[in-house]
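Below: one structure, written as structure tokens.
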Amino acid sequence: MAKKALITGVTGQDGYYLAEFLHEKGYEVYGLVRRSSQNIEQRLGKLANFVHIEHGDLTDSLSLRDILSQVQPDEIYNLAAQSHVAWSFKTPESTFDITGAGCLRLLEAMRQTSPHSKFYQASSSEMFGQVQEVPQTERTPFHPRSPYGVAKVAAYWATVNYREGYNLFTCNGILFNHESERRGEEFVTRKISIGVARIKLGLQDKLALGNLEAKRDWGYAPEYVRAMWLMLQQDEPDDYVIATGETHSVREFCEIAFAHVGLDYRDFVVEDPQFYRPAEVNLLIGDASKARQKLGWKPETTFRQLVERMVDADLENQKRLLRESGLTPEPR
């Protein structure tokens, strides 16, 4: 009998890759989607052919209990969140309600209706914030610097509490930044790759960004969803840092992205204070030694490969949009 997996946030980058990964492993995949979500089938793409849509909301306990009671999933992956860090400063209450309290509601629904399920919580390197040590491990103290980071810390400890208090199989994956061609356009890496493509094709002149010196540990998203799955295949639940162990600045990302299409980023990138965060996180770099040793997981895609893959994908996307519009590009 096929295993059942329920994914919250199935229409996002990680949800897409995880659903695809689990389907290939023979799972029945269920996706939690809000009724207010727009263009669900379009956002799911080919996943719409095999993902069973369940309408519910992390802000509504009753809907979560009903869904878990009916589906009885073997595995639950809580990926849903208001995940844009800068936006969380503008919407702190709703960010906490979805990202923090939403996890607690899902855990409680699982405890009441499906306690046999294994639970994965998408924790974040943003929990480290003003880092207390370099690199960051599973033992590094948290010091979040955004409402998003605060909400993720709350969800992290709720996950630990339900493991220790109720003997449930609950795990935290402390994932450092992970990108792909499917990254949301509001995130800085995708903003850069789209900007590079549009500038190369003569559709845009400048690219305005925030802090170019911010450093992150960037990996490739499809590799990171495999780590999520591996955590739930272990005999005992635990928490794991998932990272590449390398750090690169936003400036380096720009340099590689523009150079890939034969341009110099210094001619096009402008630093705009409106994109600065109220409290910046300057350096994140993770130590995934525990995941290597216990899960057998390690990253495969290099930083340069990641950047160039994103630029190539957006270059093709922009060319396609031009063709559909009947316009002719004027490449630089």
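Here, A, B, ... name the chains of the structure tokens in the order displayed, residue numbers run from 1 inside each chain, and ligands are numbered from 1 in the same displayed order.
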Using 12 Å as the limit and counting only C-alpha atoms, can you tabulate each residue of segment 31-130 of chain A that touches segment 2-14 of chain A, with its shortest atom-to-atom distance in Å and the two atoms involved, as CSV?
residue,atom,partner,partner_atom,distance
A:Gly31,CA,A:Ile7,CA,4.9
A:Leu32,CA,A:Thr8,CA,4.8
A:Val33,CA,A:Thr8,CA,7.1
A:Arg34,CA,A:Gly9,CA,9.5
A:Ser37,CA,A:Thr11,CA,9.5
A:Gln38,CA,A:Thr11,CA,10.5
A:Asn39,CA,A:Thr11,CA,10.0
A:Ile40,CA,A:Thr11,CA,7.4
A:Glu41,CA,A:Thr11,CA,9.1
A:Gln42,CA,A:Thr11,CA,9.5
A:Arg43,CA,A:Thr11,CA,6.0
A:Leu44,CA,A:Thr11,CA,5.8
A:Gly45,CA,A:Thr11,CA,9.3
A:Lys46,CA,A:Thr11,CA,11.5
A:Leu47,CA,A:Thr11,CA,9.3
A:Ala48,CA,A:Thr11,CA,10.2
A:Val51,CA,A:Val10,CA,9.0
A:His52,CA,A:Leu6,CA,9.2
A:Ile53,CA,A:Val10,CA,9.3
A:Glu54,CA,A:Leu6,CA,9.1
A:His55,CA,A:Thr8,CA,10.4
A:Gly56,CA,A:Thr8,CA,9.4
A:Asp57,CA,A:Thr8,CA,9.0
A:Leu58,CA,A:Thr8,CA,8.5
A:Leu64,CA,A:Thr8,CA,10.5
A:Ile67,CA,A:Leu6,CA,9.4
A:Leu68,CA,A:Leu6,CA,8.6
A:Ser69,CA,A:Leu6,CA,11.9
A:Gln70,CA,A:Leu6,CA,11.4
A:Val71,CA,A:Lys4,CA,7.8
A:Gln72,CA,A:Lys4,CA,7.7
A:Pro73,CA,A:Lys4,CA,4.8
A:Asp74,CA,A:Lys4,CA,5.3
A:Glu75,CA,A:Ala5,CA,4.7
A:Ile76,CA,A:Leu6,CA,4.8
A:Tyr77,CA,A:Ile7,CA,4.8
A:Asn78,CA,A:Thr8,CA,5.1
A:Leu79,CA,A:Gly9,CA,5.0
A:Ala80,CA,A:Gly9,CA,3.9
A:Ala81,CA,A:Gly9,CA,7.2
A:Gln82,CA,A:Gly9,CA,9.9
A:Ser83,CA,A:Gly12,CA,10.1
A:Ile98,CA,A:Gly9,CA,11.2
A:Thr99,CA,A:Gly9,CA,11.0
A:Gly102,CA,A:Thr8,CA,10.5
A:Cys103,CA,A:Thr8,CA,10.2
A:Leu106,CA,A:Thr8,CA,9.8
A:Met110,CA,A:Leu6,CA,11.4
A:Ser114,CA,A:Leu6,CA,11.8
A:Ser117,CA,A:Ala5,CA,9.2
A:Lys118,CA,A:Ala5,CA,9.4
A:Phe119,CA,A:Leu6,CA,9.6
A:Tyr120,CA,A:Ile7,CA,9.6
A:Gln121,CA,A:Thr8,CA,10.2
A:Ala122,CA,A:Asp14,CA,9.8
Write out, as JSON lines, each residue of segment 11-91 of chain A that has an atom at most 10 Å from segment 277-293 of chain A, together with the closest pair of atoms and their distance in Å to one decimal, counting only C-alpha atoms, rows going by chain and rising number.
{"residue": "A:Val85", "atom": "CA", "partner": "A:Arg277", "partner_atom": "CA", "distance": 8.6}
{"residue": "A:Ala86", "atom": "CA", "partner": "A:Arg277", "partner_atom": "CA", "distance": 6.2}
{"residue": "A:Trp87", "atom": "CA", "partner": "A:Arg277", "partner_atom": "CA", "distance": 9.5}
{"residue": "A:Phe89", "atom": "CA", "partner": "A:Pro278", "partner_atom": "CA", "distance": 7.9}
> Which is closer to Ala158 of chain A than all the others in A:Ala227, A:Leu175, A:Ala101, A:Leu201, using only C-alpha atoms?
Replying inline: A:Ala101
> From the set A:Lys90, A:Arg139, A:Lys294, A:Arg65, which residue has the shortest atom-to-atom contact distance to Arg105 of chain A, counting only C-alpha atoms?
Replying inline: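 Using only C-alpha atoms, Arg105 of chain A sits closest to A:Arg65.
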>> With DSSP run on the backbone, what are the helix (DSSP H, G or I) residues within segment 70-205 of chain A? I'd like them as a ChimeraX atom specification.
In response: /A:70-71,85-88,92-113,125-127,147-166,188-200
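Counting only C-alpha atoms and comparing A:Gln234, A:Asn49, A:Gln136, A:Thr91, the residue that lies closest to Phe169 of chain A is A:Gln234.
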> Restricting the calculation to only C-alpha atoms, which member of A:Asp66, A:Gly129, A:Glu316, A:Arg145 is positioned closest to Gln112 of chain A?
Replying inline: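 Among A:Asp66, A:Gly129, A:Glu316, A:Arg145, it is A:Asp66 that comes nearest to Gln112 of chain A.
When only C-alpha atoms are used to measure the gap to Glu255 of chain A, the shortest distance among A:Arg304, A:Lys206, A:Arg183, A:Arg226 belongs to A:Arg304.
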> Taking into account only C-alpha atoms, which residue in the set A:Gly210, A:Pro329, A:Pro222, A:Pro92 is nearest to Gly15 of chain A?
Replying inline: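 Closest candidate: A:Pro222.
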